[in-house]
>>> print(open('coords28.csv').read())   # CSV, C-alpha atoms
chain,number,residue,atom,x,y,z
U,990,MET,CA,-173.5,-51.0,77.0
U,991,THR,CA,-171.6,-52.9,74.2
U,992,LYS,CA,-171.9,-56.3,75.7
U,993,ALA,CA,-170.5,-57.9,72.6
U,994,SER,CA,-167.1,-56.3,73.3
U,995,SER,CA,-167.0,-57.7,76.9
U,996,PRO,CA,-164.3,-60.3,77.2
U,997,ALA,CA,-165.9,-61.9,80.2
U,998,PRO,CA,-166.3,-65.6,79.6
U,999,GLN,CA,-168.8,-66.3,82.4
U,1000,ALA,CA,-172.0,-65.5,80.5
U,1001,ARG,CA,-174.4,-66.2,83.4
U,1002,GLY,CA,-173.1,-63.5,85.8
U,1003,PRO,CA,-174.9,-60.2,86.3
U,1004,SER,CA,-174.8,-57.9,83.3
U,1005,ASP,CA,-172.2,-55.1,83.1
U,1006,HIS,CA,-175.0,-52.7,83.7
U,1007,GLU,CA,-176.0,-54.5,86.9
U,1008,VAL,CA,-172.5,-54.6,88.2
U,1009,ARG,CA,-171.9,-50.9,87.5
U,1010,HIS,CA,-175.2,-50.2,89.3
U,1011,GLN,CA,-174.2,-52.3,92.2
U,1012,ILE,CA,-170.8,-50.6,92.5
U,1013,VAL,CA,-172.4,-47.1,92.3
U,1014,GLU,CA,-174.9,-48.0,95.0
U,1015,ALA,CA,-172.2,-49.4,97.3
U,1016,ALA,CA,-169.9,-46.4,96.5
U,1017,THR,CA,-172.7,-43.9,97.3
U,1018,GLU,CA,-173.1,-45.5,100.7
U,1019,TYR,CA,-169.4,-45.8,101.3
U,1020,PHE,CA,-168.5,-42.2,100.2
U,1021,GLY,CA,-171.6,-41.0,102.0
U,1022,LEU,CA,-170.1,-42.4,105.2
U,1023,TYR,CA,-166.4,-41.9,104.8
U,1024,GLY,CA,-166.1,-39.0,102.3
U,1025,PHE,CA,-164.8,-38.9,98.8
U,1026,ASP,CA,-161.5,-37.0,98.8
U,1027,LYS,CA,-159.7,-38.9,101.5
U,1028,THR,CA,-160.7,-42.4,100.5
U,1029,THR,CA,-159.3,-44.5,97.6
U,1030,VAL,CA,-160.6,-47.1,95.2
U,1031,SER,CA,-158.7,-49.7,97.3
U,1032,ASP,CA,-160.6,-48.6,100.4
U,1033,LEU,CA,-163.9,-48.8,98.6
U,1034,ALA,CA,-163.1,-52.2,97.1
U,1035,LYS,CA,-162.2,-53.7,100.5
U,1036,ALA,CA,-165.3,-52.3,102.0
U,1037,ILE,CA,-167.7,-53.7,99.4
U,1038,GLY,CA,-165.8,-57.0,99.0
U,1039,PHE,CA,-164.7,-56.5,95.4
U,1040,SER,CA,-161.2,-56.6,94.1
U,1041,LYS,CA,-159.7,-53.2,93.0
U,1042,ALA,CA,-159.0,-54.7,89.6
U,1043,TYR,CA,-162.7,-55.7,89.2
U,1044,ILE,CA,-163.9,-52.2,90.0
U,1045,TYR,CA,-161.4,-50.8,87.5
U,1046,LYS,CA,-163.0,-53.1,84.8
U,1047,PHE,CA,-166.1,-50.9,85.1
U,1048,PHE,CA,-164.8,-47.5,86.1
U,1049,ASP,CA,-161.6,-45.8,84.9
U,1050,SER,CA,-161.0,-44.0,88.1
U,1051,LYS,CA,-162.5,-42.9,91.4
U,1052,GLN,CA,-163.6,-39.7,89.7
U,1053,ALA,CA,-165.6,-41.8,87.2
U,1054,ILE,CA,-167.5,-43.3,90.1
U,1055,GLY,CA,-167.9,-40.0,91.8
U,1056,GLU,CA,-169.2,-38.5,88.6
U,1057,VAL,CA,-172.0,-41.1,88.4
U,1058,ILE,CA,-172.9,-40.5,92.1
U,1059,CYS,CA,-172.9,-36.8,91.6
U,1060,GLY,CA,-174.9,-37.0,88.4
U,1061,ASN,CA,-177.5,-39.1,90.1
U,1062,ARG,CA,-177.8,-36.7,93.0
U,1063,LEU,CA,-178.0,-33.6,90.8
U,1064,SER,CA,-180.6,-35.3,88.7
U,1065,GLN,CA,-182.7,-35.8,91.8
U,1066,ILE,CA,-182.4,-32.1,92.5
U,1067,MET,CA,-183.3,-31.2,89.0
U,1068,VAL,CA,-186.4,-33.4,89.1
U,1069,ALA,CA,-187.4,-31.8,92.5
U,1070,VAL,CA,-187.0,-28.3,91.0
U,1071,ASP,CA,-188.9,-29.2,87.8
U,1072,GLU,CA,-191.7,-30.5,90.0
U,1073,ALA,CA,-191.7,-27.5,92.2
U,1074,VAL,CA,-192.2,-25.1,89.2
U,1075,ALA,CA,-194.4,-27.4,87.1
U,1076,ASP,CA,-197.8,-26.0,88.1
U,1077,ALA,CA,-196.8,-22.4,88.7
U,1078,ARG,CA,-199.5,-20.1,87.3
U,1079,SER,CA,-197.2,-17.3,86.0
U,1080,ALA,CA,-193.6,-16.7,85.1
U,1081,PRO,CA,-192.9,-14.6,88.2
U,1082,GLU,CA,-194.3,-17.3,90.4
U,1083,ARG,CA,-192.2,-20.0,88.5
U,1084,LEU,CA,-189.1,-17.9,89.0
U,1085,ARG,CA,-189.8,-17.6,92.7
U,1086,ARG,CA,-190.4,-21.3,93.1
U,1087,MET,CA,-187.4,-22.2,91.1
U,1088,PHE,CA,-185.0,-20.2,93.1
U,1089,ARG,CA,-186.5,-21.4,96.4
U,1090,ALA,CA,-186.4,-25.1,95.3
U,1091,LEU,CA,-182.8,-24.9,94.2
U,1092,VAL,CA,-181.7,-23.4,97.5
U,1093,GLU,CA,-183.8,-25.9,99.5
U,1094,ALA,CA,-182.4,-28.9,97.6
U,1095,GLY,CA,-178.8,-27.6,97.9
U,1096,SER,CA,-179.2,-26.9,101.6
U,1097,GLN,CA,-180.7,-30.3,102.2
U,1098,LEU,CA,-177.7,-31.9,100.5
U,1099,PHE,CA,-175.3,-29.9,102.6
U,1100,PHE,CA,-177.0,-30.5,105.9
U,1101,GLN,CA,-178.2,-34.1,105.5
U,1102,ASP,CA,-175.7,-35.6,103.1
U,1103,SER,CA,-172.6,-33.6,103.8
U,1104,LYS,CA,-170.2,-36.3,102.4
U,1105,LEU,CA,-172.1,-36.4,99.2
U,1106,TYR,CA,-172.1,-32.6,99.2
U,1107,ASP,CA,-168.3,-32.9,99.2
U,1108,ILE,CA,-168.5,-34.8,96.0
U,1109,ALA,CA,-170.8,-32.1,94.5
U,1110,ARG,CA,-168.3,-29.5,95.6
U,1111,THR,CA,-165.4,-31.3,94.0
U,1112,SER,CA,-167.5,-31.7,90.9
U,1113,ALA,CA,-168.2,-27.9,90.8
U,1114,SER,CA,-164.6,-27.1,91.6
U,1115,GLU,CA,-163.2,-29.3,88.8
U,1116,SER,CA,-166.1,-28.6,86.4
U,1117,TRP,CA,-167.1,-32.3,85.9
U,1118,PRO,CA,-169.7,-33.0,83.3
U,1119,SER,CA,-172.3,-33.5,86.0
U,1120,ALA,CA,-171.7,-30.0,87.4
U,1121,ARG,CA,-171.8,-28.6,83.9
U,1122,ALA,CA,-175.0,-30.4,83.1
U,1123,TYR,CA,-176.6,-29.0,86.3
U,1124,GLU,CA,-175.5,-25.5,85.5
U,1125,ALA,CA,-176.9,-25.9,81.9
U,1126,HIS,CA,-180.2,-27.1,83.3
U,1127,VAL,CA,-180.5,-24.1,85.7
U,1128,LYS,CA,-179.7,-21.7,82.8
U,1129,ASP,CA,-182.3,-23.5,80.6
U,1130,LEU,CA,-184.9,-23.1,83.2
U,1131,ILE,CA,-184.2,-19.4,83.5
U,1132,VAL,CA,-184.4,-18.9,79.7
U,1133,GLN,CA,-187.8,-20.8,79.7
U,1134,VAL,CA,-189.2,-18.7,82.4
U,1135,LEU,CA,-188.0,-15.5,80.7
U,1136,ARG,CA,-189.6,-16.5,77.4
U,1137,GLU,CA,-192.8,-17.4,79.1
U,1138,GLY,CA,-192.9,-14.1,81.1
U,1139,ARG,CA,-192.0,-12.0,78.0
U,1140,GLU,CA,-194.7,-13.7,75.9
U,1141,ALA,CA,-197.3,-13.1,78.7
U,1142,GLY,CA,-196.3,-9.4,79.0
U,1143,ASP,CA,-195.1,-10.0,82.6
U,1144,PHE,CA,-191.4,-9.2,81.8
U,1145,GLU,CA,-189.7,-6.4,79.8
U,1146,ARG,CA,-188.4,-7.3,76.4
U,1147,LYS,CA,-185.8,-4.6,75.7
U,1148,THR,CA,-182.8,-6.3,77.2
U,1149,PRO,CA,-181.3,-9.1,75.1
U,1150,LEU,CA,-182.7,-12.4,76.4
U,1151,ASP,CA,-179.2,-13.8,76.8
U,1152,GLU,CA,-177.9,-11.0,78.9
U,1153,THR,CA,-181.0,-11.1,81.2
U,1154,ALA,CA,-180.7,-14.8,81.6
U,1155,ASN,CA,-177.0,-14.8,82.3
U,1156,ALA,CA,-177.4,-11.9,84.8
U,1157,ILE,CA,-180.1,-13.8,86.7
U,1158,TYR,CA,-178.0,-16.9,86.6
U,1159,LEU,CA,-175.2,-14.9,88.2
U,1160,VAL,CA,-177.5,-13.7,90.9
U,1161,MET,CA,-178.6,-17.3,91.7
U,1162,ARG,CA,-175.1,-18.9,91.4
U,1163,PRO,CA,-173.9,-18.2,94.9
U,1164,TYR,CA,-176.9,-20.3,96.1
U,1165,THR,CA,-176.8,-23.1,93.5
U,1166,ASN,CA,-173.0,-23.7,93.0
U,1167,PRO,CA,-171.9,-26.0,95.9
U,1168,LEU,CA,-168.5,-24.3,96.1
U,1169,LEU,CA,-170.3,-21.0,96.9
U,1170,LEU,CA,-173.4,-22.2,98.7
U,1171,GLN,CA,-171.4,-23.4,101.7
U,1172,HIS,CA,-170.5,-19.8,102.4
U,1173,ASN,CA,-174.1,-18.5,101.8
U,1174,LEU,CA,-176.2,-20.8,103.9
U,1175,GLU,CA,-176.7,-18.3,106.7
U,1176,ASN,CA,-180.1,-16.6,106.2
U,1177,ALA,CA,-180.2,-18.2,102.7
U,1178,ALA,CA,-184.0,-18.3,102.7
U,1179,GLU,CA,-184.4,-14.6,103.4
U,1180,ALA,CA,-181.5,-13.7,101.1
U,1181,THR,CA,-182.9,-15.6,98.2
U,1182,LEU,CA,-186.3,-14.0,98.8
U,1183,GLN,CA,-184.9,-10.5,98.7
U,1184,LEU,CA,-182.9,-11.4,95.6
U,1185,THR,CA,-186.0,-12.8,93.9
U,1186,ASN,CA,-187.8,-9.6,94.6
U,1187,LEU,CA,-184.8,-7.6,93.1
U,1188,ILE,CA,-184.8,-9.9,90.0
U,1189,LEU,CA,-188.5,-9.4,89.5
U,1190,ARG,CA,-188.2,-5.7,89.9
U,1191,SER,CA,-185.5,-5.7,87.2
U,1192,LEU,CA,-187.9,-7.7,84.9
U,1193,ALA,CA,-190.8,-5.3,85.2
U,1194,PRO,CA,-192.0,-4.2,81.8
P,862,MET,CA,-151.9,4.2,123.1
P,863,THR,CA,-151.9,4.5,126.9
P,864,LYS,CA,-148.2,5.1,127.4
P,865,ALA,CA,-148.6,5.6,131.1
P,866,SER,CA,-149.5,2.0,131.6
P,867,SER,CA,-146.4,0.7,129.8
P,868,PRO,CA,-144.0,-0.9,132.3
P,869,ALA,CA,-141.0,-0.4,130.1
P,870,PRO,CA,-138.3,1.3,132.1
P,871,GLN,CA,-136.1,2.5,129.1
P,872,ALA,CA,-137.8,5.8,128.5
P,873,ARG,CA,-135.6,6.8,125.5
P,874,GLY,CA,-136.5,3.9,123.2
P,875,PRO,CA,-139.0,4.1,120.4
P,876,SER,CA,-142.6,4.7,121.5
P,877,ASP,CA,-145.0,1.8,121.7
P,878,HIS,CA,-146.8,3.2,118.7
P,879,GLU,CA,-143.5,3.2,116.7
P,880,VAL,CA,-142.7,-0.4,117.7
P,881,ARG,CA,-146.2,-1.6,116.8
P,882,HIS,CA,-145.9,0.2,113.4
P,883,GLN,CA,-142.5,-1.4,112.9
P,884,ILE,CA,-143.8,-4.9,113.7
P,885,VAL,CA,-146.8,-4.4,111.4
P,886,GLU,CA,-144.6,-3.2,108.6
P,887,ALA,CA,-142.2,-6.2,109.0
P,888,ALA,CA,-145.1,-8.6,109.4
P,889,THR,CA,-146.8,-7.4,106.3
P,890,GLU,CA,-143.7,-8.1,104.3
P,891,TYR,CA,-143.1,-11.4,106.0
P,892,PHE,CA,-146.7,-12.7,105.7
P,893,GLY,CA,-146.8,-11.3,102.2
P,894,LEU,CA,-143.9,-13.6,101.3
P,895,TYR,CA,-144.5,-16.7,103.4
P,896,GLY,CA,-148.2,-16.6,104.0
P,897,PHE,CA,-150.2,-16.2,107.2
P,898,ASP,CA,-151.8,-19.5,108.0
P,899,LYS,CA,-148.7,-21.7,108.0
P,900,THR,CA,-146.3,-19.3,109.8
P,901,THR,CA,-146.1,-18.6,113.5
P,902,VAL,CA,-145.2,-15.7,115.6
P,903,SER,CA,-141.9,-17.5,116.4
P,904,ASP,CA,-141.1,-17.6,112.6
P,905,LEU,CA,-142.0,-13.9,112.3
P,906,ALA,CA,-139.9,-13.0,115.4
P,907,LYS,CA,-136.9,-14.8,114.1
P,908,ALA,CA,-137.2,-13.3,110.6
P,909,ILE,CA,-137.4,-9.7,111.9
P,910,GLY,CA,-134.9,-10.1,114.7
P,911,PHE,CA,-137.2,-9.5,117.7
P,912,SER,CA,-137.9,-12.0,120.5
P,913,LYS,CA,-141.2,-13.7,120.5
P,914,ALA,CA,-141.9,-12.3,124.0
P,915,TYR,CA,-141.2,-8.8,122.7
P,916,ILE,CA,-143.7,-9.1,119.9
P,917,TYR,CA,-146.3,-10.5,122.4
P,918,LYS,CA,-145.8,-7.3,124.5
P,919,PHE,CA,-147.4,-5.4,121.6
P,920,PHE,CA,-149.8,-7.9,120.1
P,921,ASP,CA,-151.8,-10.6,121.9
P,922,SER,CA,-151.7,-13.1,119.1
P,923,LYS,CA,-150.8,-13.6,115.5
P,924,GLN,CA,-154.4,-12.8,114.6
P,925,ALA,CA,-154.0,-9.4,116.2
P,926,ILE,CA,-151.1,-8.7,113.9
P,927,GLY,CA,-153.0,-10.1,110.9
P,928,GLU,CA,-156.0,-8.0,111.9
P,929,VAL,CA,-154.0,-4.8,111.7
P,930,ILE,CA,-152.5,-5.8,108.3
P,931,CYS,CA,-155.9,-6.7,107.0
P,932,GLY,CA,-157.5,-3.6,108.3
P,933,ASN,CA,-154.8,-1.5,106.6
P,934,ARG,CA,-155.2,-3.2,103.3
P,935,LEU,CA,-159.0,-3.0,103.3
P,936,SER,CA,-158.7,0.7,104.3
P,937,GLN,CA,-156.6,1.2,101.2
P,938,ILE,CA,-159.3,-0.5,99.1
P,939,MET,CA,-162.1,1.6,100.7
P,940,VAL,CA,-160.1,4.8,99.9
P,941,ALA,CA,-159.7,3.7,96.3
P,942,VAL,CA,-163.4,3.0,96.0
P,943,ASP,CA,-164.3,6.3,97.6
P,944,GLU,CA,-162.1,8.1,95.2
P,945,ALA,CA,-163.5,6.2,92.2
P,946,VAL,CA,-167.0,7.2,93.0
P,947,ALA,CA,-166.3,10.7,94.3
P,948,ASP,CA,-166.9,12.7,91.1
P,949,ALA,CA,-169.6,10.5,89.6
P,950,ARG,CA,-172.3,12.8,88.2
P,951,SER,CA,-175.3,10.7,89.0
P,952,ALA,CA,-176.3,7.9,91.4
P,953,PRO,CA,-176.5,5.2,88.6
P,954,GLU,CA,-173.0,6.2,87.5
P,955,ARG,CA,-171.8,6.1,91.1
P,956,LEU,CA,-173.2,2.6,91.6
P,957,ARG,CA,-171.4,1.4,88.4
P,958,ARG,CA,-168.1,2.9,89.5
P,959,MET,CA,-168.4,1.5,93.0
P,960,PHE,CA,-169.0,-2.1,91.9
P,961,ARG,CA,-166.3,-1.9,89.3
P,962,ALA,CA,-163.8,-0.4,91.7
P,963,LEU,CA,-164.6,-3.0,94.4
P,964,VAL,CA,-164.0,-5.8,92.0
P,965,GLU,CA,-160.8,-4.3,90.5
P,966,ALA,CA,-159.3,-3.7,94.0
P,967,GLY,CA,-160.2,-7.3,95.1
P,968,SER,CA,-158.8,-8.9,92.0
P,969,GLN,CA,-155.7,-6.9,92.3
P,970,LEU,CA,-155.2,-8.1,95.9
P,971,PHE,CA,-155.8,-11.6,94.7
P,972,PHE,CA,-153.4,-11.6,91.8
P,973,GLN,CA,-150.7,-9.3,93.0
P,974,ASP,CA,-150.6,-9.9,96.8
P,975,SER,CA,-151.9,-13.4,97.0
P,976,LYS,CA,-150.5,-14.0,100.5
P,977,LEU,CA,-152.2,-10.9,101.8
P,978,TYR,CA,-155.3,-12.0,100.1
P,979,ASP,CA,-155.1,-15.2,102.2
P,980,ILE,CA,-155.2,-13.0,105.3
P,981,ALA,CA,-158.3,-11.2,104.0
P,982,ARG,CA,-159.9,-14.5,103.3
P,983,THR,CA,-159.2,-15.7,106.8
P,984,SER,CA,-160.6,-12.4,108.1
P,985,ALA,CA,-163.8,-12.9,106.1
P,986,SER,CA,-164.0,-16.6,107.1
P,987,GLU,CA,-163.6,-15.8,110.8
P,988,SER,CA,-165.5,-12.5,110.6
P,989,TRP,CA,-162.7,-10.4,112.1
P,990,PRO,CA,-163.5,-6.7,112.9
P,991,SER,CA,-161.6,-5.6,109.8
P,992,ALA,CA,-163.9,-7.8,107.6
P,993,ARG,CA,-167.0,-6.5,109.3
P,994,ALA,CA,-165.9,-2.9,109.0
P,995,TYR,CA,-165.3,-3.5,105.2
P,996,GLU,CA,-168.7,-5.0,104.8
P,997,ALA,CA,-170.3,-2.2,106.7
P,998,HIS,CA,-168.5,0.4,104.5
P,999,VAL,CA,-169.8,-1.3,101.4
P,1000,LYS,CA,-173.3,-1.3,102.7
P,1001,ASP,CA,-173.1,2.3,103.7
P,1002,LEU,CA,-171.9,3.2,100.2
P,1003,ILE,CA,-174.9,1.4,98.8
P,1004,VAL,CA,-177.4,3.2,101.1
P,1005,GLN,CA,-175.8,6.6,100.2
P,1006,VAL,CA,-176.1,5.9,96.5
P,1007,LEU,CA,-179.7,4.8,96.9
P,1008,ARG,CA,-180.7,7.9,98.9
P,1009,GLU,CA,-179.0,10.1,96.3
P,1010,GLY,CA,-180.7,8.3,93.4
P,1011,ARG,CA,-184.1,8.3,95.1
P,1012,GLU,CA,-183.9,12.0,95.8
P,1013,ALA,CA,-182.9,12.8,92.3
P,1014,GLY,CA,-185.7,10.7,90.9
P,1015,ASP,CA,-183.4,8.2,89.3
P,1016,PHE,CA,-184.5,5.3,91.4
P,1017,GLU,CA,-187.8,3.9,92.5
P,1018,ARG,CA,-189.0,4.6,96.1
P,1019,LYS,CA,-191.6,2.0,96.7
P,1020,THR,CA,-189.4,-0.8,98.0
P,1021,PRO,CA,-188.1,-0.2,101.6
P,1022,LEU,CA,-184.6,1.3,101.4
P,1023,ASP,CA,-183.2,-1.4,103.7
P,1024,GLU,CA,-184.5,-4.2,101.6
P,1025,THR,CA,-183.2,-2.7,98.4
P,1026,ALA,CA,-179.8,-2.0,99.9
P,1027,ASN,CA,-179.4,-5.4,101.3
P,1028,ALA,CA,-180.5,-7.1,98.1
P,1029,ILE,CA,-177.9,-5.1,96.2
P,1030,TYR,CA,-175.3,-5.9,98.7
P,1031,LEU,CA,-176.1,-9.6,98.3
P,1032,VAL,CA,-175.7,-9.3,94.5
P,1033,MET,CA,-172.3,-7.7,95.0
P,1034,ARG,CA,-171.1,-9.9,97.8
P,1035,PRO,CA,-169.7,-12.8,95.6
P,1036,TYR,CA,-167.3,-10.2,94.2
P,1037,THR,CA,-166.5,-8.3,97.3
P,1038,ASN,CA,-166.1,-11.0,100.0
P,1039,PRO,CA,-162.6,-12.6,99.6
P,1040,LEU,CA,-164.0,-16.1,100.5
P,1041,LEU,CA,-166.3,-15.9,97.5
P,1042,LEU,CA,-164.3,-13.7,95.0
P,1043,GLN,CA,-161.7,-16.4,94.5
P,1044,HIS,CA,-164.4,-18.5,92.9
P,1045,ASN,CA,-165.8,-15.7,90.8
P,1046,LEU,CA,-162.7,-14.1,89.2
P,1047,GLU,CA,-163.3,-15.7,85.8
P,1048,ASN,CA,-165.0,-13.1,83.6
P,1049,ALA,CA,-165.6,-11.0,86.7
P,1050,ALA,CA,-165.5,-7.8,84.7
P,1051,GLU,CA,-168.3,-8.9,82.3
P,1052,ALA,CA,-170.2,-10.5,85.1
P,1053,THR,CA,-170.2,-7.4,87.2
P,1054,LEU,CA,-171.2,-5.3,84.3
P,1055,GLN,CA,-174.2,-7.5,83.6
P,1056,LEU,CA,-175.1,-7.5,87.3
P,1057,THR,CA,-174.8,-3.7,87.5
P,1058,ASN,CA,-177.2,-3.5,84.5
P,1059,LEU,CA,-179.6,-5.8,86.3
P,1060,ILE,CA,-179.4,-3.8,89.5
P,1061,LEU,CA,-180.1,-0.6,87.6
P,1062,ARG,CA,-183.1,-2.1,85.8
P,1063,SER,CA,-184.4,-3.2,89.2
P,1064,LEU,CA,-184.0,0.4,90.5
P,1065,ALA,CA,-185.9,2.0,87.6
P,1066,PRO,CA,-188.6,4.3,88.9
>>> encode(input="coords28.csv", output="structure tokens")
Amino acid sequence: MTKASSPAPQARGPSDHEVRHQIVEAATEYFGLYGFDKTTVSDLAKAIGFSKAYIYKFFDSKQAIGEVICGNRLSQIMVAVDEAVADARSAPERLRRMFRALVEAGSQLFFQDSKLYDIARTSASESWPSARAYEAHVKDLIVQVLREGREAGDFERKTPLDETANAIYLVMRPYTNPLLLQHNLENAAEATLQLTNLILRSLAP
Amino acid sequence: MTKASSPAPQARGPSDHEVRHQIVEAATEYFGLYGFDKTTVSDLAKAIGFSKAYIYKFFDSKQAIGEVICGNRLSQIMVAVDEAVADARSAPERLRRMFRALVEAGSQLFFQDSKLYDIARTSASESWPSARAYEAHVKDLIVQVLREGREAGDFERKTPLDETANAIYLVMRPYTNPLLLQHNLENAAEATLQLTNLILRSLAP
């Protein structure tokens, strides 16, 4: 937010930050209704009553807008997952809740906000920063749970932590990555329960 | 092959079986070059010098031809996997070889016969009989390995066999289902090695 560098002469207008926020809000609604891949910045501009040039003052590209929308939505999911695991009383319980919350949030996005899900899928497919941050957050959560469980004596400690964490991430990935989740929604609740059981058996000390 | 029901008057021509085989061979080559989804039975007929009506005497639809092609290719993979595991000296070793052979065969199909991979993907997406037979074969192999490992004392026996088998199938599925494999080819060899290790830890008695 380097306002000093803004060339805008009209000092009383909304701040850059406010305009960006306004564009993102409107774009979230617009892309949520009409999809992301098949619409253009011109369509968006027309729909929200801004000029295309004005939008381009704040965002370099349609992807840059999609990236903010996607980042916001994935942040919401991460907050929901963090809350779901916060008061778990043991590492195994935390792992169970984590996997369940990830799958529930992803399924909800798919079924209730399918057009925004499309953005998340594009983000995963093209490895946008928002998708990479989400992946990193999931991996961090796994490492935290593993450390906690190893310290408490709930999990084995022979396997290198990195390998265990990555293998668990790979087991969860079909249900957390939007490119894959769409093919795994059938019986996802039962599947993830069985996979959690398998993971926990693999962690037995 | 109910030849008696064939209305063809010219008794000296090739048998129905031979014609079907000839069409499948030609179609495998044709779809292998030009793809399955975007070509029609008319295109195929023109290319192989048969009339469309003649092809329809032997196959109800393009899918019926694709189904035979796909079934043949998946059978080849199953034979390769069966051979890879045949002389394994223990259940854990058999499981390792099985997962590795499945991923190698799938990757080979993807990289070397990408147009035929497309047929396999369609088959998986639309749950054709060939895809279901392949899935069933993979599940059978897993159950066999588990039985063997349990009898030899290599694997734990507390978890119901069905649950263990299904959970292992779910871990392998992203690397065996053509719809999913395409998104999991990066580092597939290392990923499946780590997943095999995780599965084997989960099976420890």
>>> closest_atom_pairs(input="coords28.csv", of="chain P", to="chain U", cutoff="8 Å", atoms="only C-alpha atoms", output="tab-separated table")
residue	atom	partner	partner_atom	distance
P:Glu1024	CA	U:Gln1183	CA	6.9
P:Thr1025	CA	U:Leu1187	CA	7.4
P:Asn1027	CA	U:Gln1183	CA	7.9
P:Ala1028	CA	U:Leu1184	CA	5.5
P:Ile1029	CA	U:Leu1187	CA	8.0
P:Leu1031	CA	U:Ala1180	CA	7.3
P:Val1032	CA	U:Val1160	CA	6.0
P:Pro1035	CA	U:Pro1163	CA	6.9
P:Leu1040	CA	U:His1172	CA	7.7
P:Leu1041	CA	U:Leu1169	CA	6.5
P:His1044	CA	U:Leu1169	CA	7.6
P:Ala1052	CA	U:Ala1156	CA	7.3
P:Gln1055	CA	U:Ala1156	CA	5.6
P:Leu1056	CA	U:Ala1156	CA	5.6
P:Leu1059	CA	U:Ser1191	CA	6.0
P:Ile1060	CA	U:Ser1191	CA	6.8
P:Leu1061	CA	U:Ser1191	CA	7.4
P:Arg1062	CA	U:Ser1191	CA	4.5
P:Ser1063	CA	U:Ser1191	CA	3.4
P:Leu1064	CA	U:Ser1191	CA	7.1
P:Ala1065	CA	U:Ser1191	CA	7.7
>>> atom_distance(input="coords28.csv", atom1="CA of Ile916 in chain P", atom2="CA of Ser903 in chain P")
9.3 Å
>>> closest_residue(input="coords28.csv", among="P:Ala949, P:Val999, P:Leu935, P:Ala962", to="Tyr978 in chain P", atoms="all atoms listed in the file")
P:Leu935
>>> residues_around(input="coords28.csv", residues="Val1030 in chain U", least_positions_apart="6", cutoff="10 Å", atoms="all atoms listed in the file", output="MDAnalysis selection string")
chainID U and resid 1016 1036 1040:1042 1044:1045 1050:1052 1054
>>> atom_distance(input="coords28.csv", atom1="CA of Ala981 in chain P", atom2="CA of Cys931 in chain P")
5.9 Å
>>> closest_residue(input="coords28.csv", among="U:Gln1011, U:Thr1017, U:Ser1079, U:Ser1004", to="Asp1102 in chain U", atoms="all atoms listed in the file")
U:Thr1017
>>> closest_residue(input="coords28.csv", among="P:Gly927, P:Gly910, P:Pro1039, P:Gly874", to="Gly896 in chain P", atoms="all atoms listed in the file")
P:Gly927
>>> closest_residue(input="coords28.csv", among="U:Ala1053, U:Ala1113, U:Val1070, U:Pro1149", to="Glu1093 in chain U", atoms="all atoms listed in the file")
U:Val1070
>>> atom_distance(input="coords28.csv", atom1="CA of Arg1110 in chain U", atom2="CA of Asn1038 in chain P")
19.1 Å
>>> closest_residue(input="coords28.csv", among="U:Val1008, U:Leu1174, U:Ile1131, U:Leu1022", to="Pro1081 in chain U", atoms="only C-alpha atoms")
U:Ile1131
>>> build_atoms(input="coords28.csv", residues="range 888-897 of chain P", atoms="N, CA and C atoms", output="compact mmCIF listing (two decimals), keeping the file's coordinate frame")
# COMPACT_ATOMS: atom_id res chain seq x y z
N ALA P 888 -144.19 -7.48 109.53
CA ALA P 888 -145.10 -8.60 109.40
C ALA P 888 -145.81 -8.63 108.07
N THR P 889 -146.16 -7.43 107.59
CA THR P 889 -146.80 -7.40 106.30
C THR P 889 -145.91 -7.93 105.21
N GLU P 890 -144.63 -7.56 105.30
CA GLU P 890 -143.70 -8.10 104.30
C GLU P 890 -143.49 -9.58 104.51
N TYR P 891 -143.35 -10.00 105.76
CA TYR P 891 -143.10 -11.40 106.00
C TYR P 891 -144.28 -12.30 105.62
N PHE P 892 -145.48 -11.93 106.08
CA PHE P 892 -146.70 -12.70 105.70
C PHE P 892 -146.93 -12.62 104.21
N GLY P 893 -146.60 -11.46 103.62
CA GLY P 893 -146.80 -11.30 102.20
C GLY P 893 -145.89 -12.25 101.39
N LEU P 894 -144.76 -12.62 101.98
CA LEU P 894 -143.90 -13.60 101.30
C LEU P 894 -144.17 -15.01 101.65
N TYR P 895 -144.41 -15.27 102.93
CA TYR P 895 -144.50 -16.70 103.40
C TYR P 895 -145.89 -17.11 103.77
N GLY P 896 -146.85 -16.22 103.69
CA GLY P 896 -148.20 -16.60 104.00
C GLY P 896 -148.48 -16.43 105.52
N PHE P 897 -149.76 -16.47 105.84
CA PHE P 897 -150.20 -16.20 107.20
C PHE P 897 -150.53 -17.46 107.97
